[in-house]
>>> print(open('protein-v6.txt').read())   # compact mmCIF, C-alpha atoms
# COMPACT_ATOMS: atom_id res chain seq x y z
CA MET A 1 0.00 0.00 0.00
CA ILE A 2 1.31 3.43 -0.93
CA TYR A 3 1.07 6.11 1.77
CA VAL A 4 0.47 9.64 0.52
CA LYS A 5 1.34 12.37 3.02
CA PRO A 6 -1.42 14.98 3.23
CA LEU A 7 -0.42 18.33 1.85
CA ASP A 8 -0.34 21.20 4.34
CA ILE A 9 -1.50 24.62 3.27
CA GLY A 10 2.06 25.93 2.91
CA THR A 11 3.04 23.10 0.53
CA LEU A 12 -0.16 23.44 -1.42
CA THR A 13 0.15 27.16 -1.92
CA THR A 14 3.82 26.82 -2.85
CA MET A 15 2.94 24.21 -5.46
CA CYS A 16 0.30 26.46 -6.87
CA GLY A 17 2.60 29.47 -6.87
CA LEU A 18 0.32 31.27 -4.41
CA THR A 19 2.56 31.64 -1.38
CA THR A 20 3.22 35.32 -2.08
CA PHE A 21 -0.44 36.00 -2.76
CA VAL A 22 -1.66 34.33 0.45
CA GLY A 23 0.96 36.10 2.53
CA ALA A 24 0.05 39.44 0.99
CA GLU A 25 -3.64 38.78 1.53
CA ARG A 26 -3.09 37.91 5.18
CA LYS A 27 -0.96 41.06 5.62
CA PHE A 28 -3.67 43.12 3.94
CA GLN A 29 -6.31 41.63 6.24
CA MET A 30 -4.24 42.51 9.30
CA GLN A 31 -3.67 46.05 8.05
CA GLU A 32 -7.36 46.38 7.24
CA LYS A 33 -8.27 45.38 10.81
CA LYS A 34 -5.95 47.83 12.55
CA PRO A 35 -7.92 51.05 11.87
CA HIS A 36 -11.01 49.47 13.42
CA GLU A 37 -9.01 48.39 16.45
CA ASN A 38 -7.54 51.87 16.78
CA VAL A 39 -10.98 53.48 16.66
CA ARG A 40 -12.24 51.05 19.30
CA ALA A 41 -9.28 51.90 21.54
CA VAL A 42 -10.09 55.60 21.23
CA GLU A 43 -13.74 54.93 22.07
CA ARG A 44 -12.71 52.96 25.16
CA ALA A 45 -10.32 55.70 26.29
CA LEU A 46 -13.07 58.32 25.91
CA GLU A 47 -15.43 56.06 27.83
CA ILE A 48 -12.99 56.12 30.75
CA LEU A 49 -12.66 59.92 30.69
CA GLN A 50 -16.43 60.33 30.56
CA ALA A 51 -16.82 58.05 33.58
CA PHE A 52 -15.58 60.86 35.84
CA ARG A 53 -18.35 62.94 37.41
CA PRO A 54 -18.49 66.25 39.28
CA GLY A 55 -17.42 65.67 42.87
CA ASP A 56 -15.19 62.65 42.15
CA LYS A 57 -11.97 63.17 44.13
CA GLY A 58 -10.35 60.14 42.59
CA LEU A 59 -11.52 56.73 41.40
CA THR A 60 -9.93 53.35 42.02
CA VAL A 61 -9.76 50.72 39.32
CA ALA A 62 -12.53 48.80 41.09
CA GLU A 63 -14.76 51.89 41.03
CA LEU A 64 -14.01 52.55 37.36
CA LEU A 65 -14.90 48.96 36.49
CA THR A 66 -18.44 49.65 37.75
CA ARG A 67 -18.74 52.61 35.35
CA VAL A 68 -17.17 51.27 32.15
CA ASP A 69 -17.73 48.05 30.23
CA LEU A 70 -14.09 46.98 30.01
CA SER A 71 -12.01 44.06 31.23
CA ARG A 72 -9.50 44.75 34.00
CA PRO A 73 -6.42 44.22 31.75
CA THR A 74 -7.83 46.55 29.06
CA LEU A 75 -8.69 49.16 31.67
CA TYR A 76 -5.18 49.04 33.17
CA ARG A 77 -3.60 49.38 29.73
CA LEU A 78 -5.72 52.40 28.79
CA LEU A 79 -5.27 54.04 32.20
CA ASN A 80 -1.50 53.85 31.76
CA THR A 81 -1.73 55.38 28.28
CA LEU A 82 -4.05 58.18 29.43
CA GLU A 83 -1.81 58.95 32.41
CA HIS A 84 1.32 58.96 30.26
CA ASN A 85 -0.32 61.58 28.00
CA GLY A 86 -1.52 63.78 30.85
CA PHE A 87 -5.24 63.03 30.57
CA LEU A 88 -5.22 61.26 33.94
CA ALA A 89 -3.12 61.51 37.09
CA SER A 90 -2.92 59.01 39.92
CA ALA A 91 -1.73 58.78 43.50
CA GLY A 92 -2.24 56.84 46.72
CA GLU A 93 -2.64 53.25 47.75
CA PRO A 94 -4.91 51.90 46.46
CA GLN A 95 -4.17 53.92 43.35
CA ARG A 96 -6.76 56.58 42.65
CA PHE A 97 -7.15 58.25 39.28
CA ARG A 98 -8.35 61.79 38.57
CA LEU A 99 -8.58 63.91 35.44
CA GLY A 100 -5.21 65.36 34.43
CA SER A 101 -3.89 68.67 33.14
CA ALA A 102 -4.45 67.74 29.49
CA VAL A 103 -8.21 67.69 30.13
CA ALA A 104 -7.98 71.15 31.72
CA GLN A 105 -6.11 72.43 28.66
CA LEU A 106 -8.83 71.13 26.36
CA ALA A 107 -11.55 72.66 28.56
CA HIS A 108 -9.75 76.01 28.54
CA ALA A 109 -9.37 75.93 24.76
CA TRP A 110 -13.04 75.06 24.32
CA MET A 111 -14.24 77.78 26.71
CA ALA A 112 -11.97 80.37 25.06
CA SER A 113 -13.45 79.70 21.63
CA ASN A 114 -17.05 78.95 22.64
CA SER A 115 -18.50 81.51 25.02
CA ILE A 116 -22.05 80.92 26.20
CA ALA A 117 -23.18 84.15 24.55
CA GLU A 118 -21.85 82.96 21.19
CA LEU A 119 -23.21 79.44 21.53
CA ALA A 120 -26.64 80.82 22.46
CA GLN A 121 -27.04 83.04 19.39
CA PRO A 122 -28.98 80.46 17.29
CA MET A 123 -31.34 79.77 20.20
CA LEU A 124 -31.85 83.46 20.93
CA ARG A 125 -32.49 84.15 17.24
CA THR A 126 -35.06 81.34 17.07
CA LEU A 127 -36.92 82.73 20.10
CA TRP A 128 -36.75 86.30 18.78
CA GLU A 129 -38.15 85.32 15.38
CA ALA A 130 -40.89 83.15 16.92
CA THR A 131 -42.13 85.73 19.44
CA SER A 132 -41.16 89.21 18.14
CA GLU A 133 -40.37 90.10 21.77
CA THR A 134 -37.09 90.93 23.48
CA VAL A 135 -35.07 87.83 24.37
CA ALA A 136 -32.06 87.71 26.66
CA LEU A 137 -29.46 85.38 28.15
CA PHE A 138 -28.53 85.58 31.84
CA VAL A 139 -25.73 83.86 33.77
CA PRO A 140 -25.25 83.69 37.56
CA GLU A 141 -22.58 85.75 39.29
CA GLY A 142 -22.57 85.11 43.01
CA THR A 143 -25.95 86.19 44.37
CA TYR A 144 -26.64 88.12 41.14
CA ARG A 145 -27.36 87.32 37.51
CA VAL A 146 -25.92 89.26 34.58
CA CYS A 147 -27.30 89.78 31.08
CA VAL A 148 -24.64 88.64 28.60
CA ALA A 149 -26.67 88.68 25.38
CA GLU A 150 -29.89 90.32 24.21
CA LEU A 151 -31.95 90.69 21.05
CA GLU A 152 -34.31 93.62 21.36
CA SER A 153 -37.89 93.56 20.07
CA ALA A 154 -38.47 95.66 16.96
CA GLN A 155 -41.95 96.62 18.16
CA PRO A 156 -42.55 100.24 19.27
CA LEU A 157 -43.73 99.17 22.73
CA SER A 158 -41.06 96.88 24.19
CA PHE A 159 -38.69 96.41 27.11
CA ARG A 160 -34.98 95.76 27.20
CA ARG A 161 -32.25 95.20 29.79
CA ARG A 162 -29.03 95.73 27.81
CA VAL A 163 -25.93 93.55 28.02
CA GLY A 164 -24.25 94.06 31.37
CA TYR A 165 -27.48 94.56 33.32
CA ARG A 166 -27.06 93.07 36.82
CA GLU A 167 -29.76 92.16 39.33
CA LYS A 168 -30.25 89.92 42.37
CA LEU A 169 -31.10 86.29 41.58
CA VAL A 170 -34.05 86.39 43.96
CA LEU A 171 -35.75 89.11 41.87
CA GLY A 172 -37.49 88.51 38.54
CA ALA A 173 -38.23 85.43 36.46
CA SER A 174 -34.75 85.07 34.93
CA GLY A 175 -33.11 85.19 38.37
CA ARG A 176 -35.46 82.93 40.31
CA THR A 177 -35.39 80.40 37.47
CA ILE A 178 -31.63 80.07 37.96
CA LEU A 179 -32.01 80.04 41.75
CA SER A 180 -34.61 77.25 41.57
CA GLN A 181 -32.02 74.88 40.07
CA MET A 182 -29.33 75.54 42.68
CA LEU A 183 -31.16 73.31 45.18
CA LEU A 184 -30.37 75.46 48.21
CA SER A 185 -31.74 74.92 51.70
CA ALA A 186 -33.88 77.55 53.42
CA ASP A 187 -30.89 78.66 55.48
CA GLU A 188 -28.67 78.92 52.40
CA LEU A 189 -31.32 80.98 50.59
CA ARG A 190 -31.19 83.70 53.26
CA ARG A 191 -27.95 85.14 51.87
CA TYR A 192 -29.73 85.72 48.54
CA LEU A 193 -32.56 87.80 50.03
CA VAL A 194 -32.88 91.51 49.34
CA ASP A 195 -35.26 91.99 52.24
CA PRO A 196 -34.09 90.08 55.36
CA ASP A 197 -37.72 89.97 56.52
CA GLN A 198 -38.87 88.17 53.36
CA ASP A 199 -40.76 84.94 54.05
CA VAL A 200 -38.29 82.21 53.08
CA ALA A 201 -40.98 79.51 53.13
CA THR A 202 -42.91 81.36 50.42
CA LEU A 203 -39.73 81.70 48.34
CA VAL A 204 -38.97 77.98 48.72
CA ALA A 205 -42.49 77.11 47.55
CA ASP A 206 -42.10 79.43 44.54
CA LEU A 207 -38.76 77.87 43.60
CA ASP A 208 -40.23 74.38 43.93
CA THR A 209 -43.01 75.36 41.51
CA ILE A 210 -40.53 76.78 39.00
CA ARG A 211 -38.39 73.64 39.20
CA ALA A 212 -41.43 71.37 38.72
CA ARG A 213 -42.74 73.33 35.71
CA GLY A 214 -39.34 73.94 34.15
CA PHE A 215 -39.88 77.69 33.78
CA GLY A 216 -40.54 80.82 35.82
CA THR A 217 -42.65 83.93 35.29
CA SER A 218 -42.95 87.41 36.71
CA HIS A 219 -45.60 90.09 36.23
CA HIS A 220 -44.98 93.83 36.79
CA GLU A 221 -42.18 92.94 39.22
CA LEU A 222 -39.13 94.88 38.11
CA ILE A 223 -40.71 96.99 35.37
CA ALA A 224 -44.30 98.21 35.56
CA GLY A 225 -46.38 96.60 32.81
CA ALA A 226 -43.77 93.99 31.92
CA VAL A 227 -44.19 90.21 31.86
CA ALA A 228 -41.18 87.89 31.80
CA VAL A 229 -40.88 84.16 31.14
CA ALA A 230 -37.61 82.25 31.67
CA ALA A 231 -36.23 78.71 31.45
CA PRO A 232 -32.92 77.37 32.84
CA PHE A 233 -30.08 75.79 30.88
CA PHE A 234 -27.28 73.53 32.15
CA ASN A 235 -23.63 72.80 31.50
CA GLY A 236 -21.80 69.51 30.96
CA ALA A 237 -21.64 68.92 34.72
CA ASN A 238 -25.46 69.12 34.91
CA GLN A 239 -25.19 72.35 36.89
CA VAL A 240 -27.40 75.32 36.11
CA ALA A 241 -25.47 77.72 33.87
CA GLY A 242 -28.07 80.45 33.40
CA SER A 243 -31.48 81.21 31.95
CA LEU A 244 -33.08 82.20 28.66
CA CYS A 245 -35.75 84.87 29.04
CA ILE A 246 -38.49 86.50 26.96
CA PHE A 247 -40.11 89.70 28.18
CA GLY A 248 -42.65 92.12 26.81
CA PRO A 249 -45.63 94.30 27.72
CA SER A 250 -48.59 92.68 29.47
CA VAL A 251 -50.93 93.94 26.74
CA ARG A 252 -49.26 91.50 24.35
CA VAL A 253 -47.92 88.80 26.66
CA THR A 254 -51.20 87.22 27.69
CA ASP A 255 -51.53 84.00 29.72
CA GLU A 256 -51.95 82.08 26.46
CA ARG A 257 -48.71 83.52 25.08
CA VAL A 258 -46.92 82.87 28.38
CA ALA A 259 -47.69 79.16 27.98
CA ARG A 260 -46.44 79.22 24.38
CA PHE A 261 -43.31 81.15 25.35
CA ALA A 262 -42.60 78.63 28.10
CA ASP A 263 -42.65 75.73 25.62
CA LEU A 264 -40.37 77.60 23.22
CA LEU A 265 -37.95 78.52 26.00
CA LYS A 266 -37.73 74.99 27.38
CA HIS A 267 -37.00 73.63 23.92
CA GLU A 268 -34.26 76.16 23.15
CA ALA A 269 -32.83 75.90 26.67
CA ALA A 270 -32.49 72.14 26.10
CA ASN A 271 -30.68 72.83 22.82
CA LEU A 272 -28.30 75.22 24.56
CA SER A 273 -27.70 72.71 27.37
CA CYS A 274 -26.81 70.11 24.75
CA ALA A 275 -24.39 72.57 23.10
CA LEU A 276 -22.77 73.08 26.51
CA GLY A 277 -22.26 69.35 26.94
CA GLN A 278 -25.18 68.23 29.09
CA LYS A 279 -25.57 64.47 28.64
CA GLY A 280 -29.05 63.87 29.96
CA LYS A 281 -32.12 65.67 31.14
CA ARG A 282 -31.98 67.04 34.62
>>> encode(input="protein-v6.txt", output="structure tokens")
Amino acid sequence: MIYVKPLDIGTLTTMCGLTTFVGAERKFQMQEKKPHENVRAVERALEILQAFRPGDKGLTVAELLTRVDLSRPTLYRLLNTLEHNGFLASAGEPQRFRLGSAVAQLAHAWMASNSIAELAQPMLRTLWEATSETVALFVPEGTYRVCVAELESAQPLSFRRRVGYREKLVLGASGRTILSQMLLSADELRRYLVDPDQDVATLVADLDTIRARGFGTSHHELIAGAVAVAAPFFNGANQVAGSLCIFGPSVRVTDERVARFADLLKHEAANLSCALGQKGKR
């Protein structure tokens, strides 16, 4: 009986003159796979950075594993790479990781080129065109809020604040709307009062209502005959960053229009929050 040795793939391809082709094909397949692997590695690294939340003073590997869908070896490898490039820093035993200076540099660059006033222009323009009333953007500054952008109504009878206008947070719709999202206790609210004899319980109830509805209103409060409607917007840390406000004369801003303005404001405030990096609804 004649025994014929089975041909292995190397012998077969050599006999057929295909060794070079198969090798090149395998090399091509490996090269073709690398870009996908690189993209996945970037996605995993970003997933780690996004796992950090406001208030985190440092996370252990065990804590990070509860926030990201990665194996321990993969997590260690990416943590080392991120730390080497300055996106993370670590210290202590057990080792705790925190965001590094490279993240701060990126945040500074982003803030320098994307001010809230600039980012809010499309939202302000949408509100201005939809209502024909004055629209403004306010940001908190200590116990005050400041107008940083405004589009004035073209109608003969209208109200305006002007950029730079500063007023206590506790006064007016735009201020109380911001204050409602700061989640302060009754004792903490006292430092915001204009009148020390003001009933704090009433203020707390008003702020609770604003927070539940998602918008605040004021009638004839700071300007006689004026009605204001405001909605809050948030930053990437889910902290209140300011309010969008529409105000006009009470002869035009009826209760029906207040309800419509509120819907418009909440929609555009959500768009602005998204532009500022908010990940989910508050």
>>> residues_around(input="protein-v6.txt", residues="Val253 in chain A", least_positions_apart="6", cutoff="9 Å", atoms="all atoms listed in the file", output="list in words")
Ala226, Val227, Ala228 and Phe247 of chain A
>>> atom_distance(input="protein-v6.txt", atom1="CA of Leu65 in chain A", atom2="CA of Glu47 in chain A")
11.2 Å
>>> atom_distance(input="protein-v6.txt", atom1="CA of Glu150 in chain A", atom2="CA of Pro232 in chain A")
15.9 Å
>>> residues_around(input="protein-v6.txt", residues="Val194 in chain A", least_positions_apart="6", cutoff="9 Å", atoms="all atoms listed in the file", output="VMD selection string")
chain A and resid 168 170 to 171
>>> residues_near_point(input="protein-v6.txt", point="(-0.3, 61.5, 38.0)", cutoff="12 Å", atoms="only C-alpha atoms", output="ChimeraX atom specification")
/A:58,79-92,95-102
>>> residues_around(input="protein-v6.txt", residues="Leu264 in chain A", least_positions_apart="4", cutoff="8 Å", atoms="only C-alpha atoms", output="list in words")
Leu127, Arg260 and Glu268 of chain A
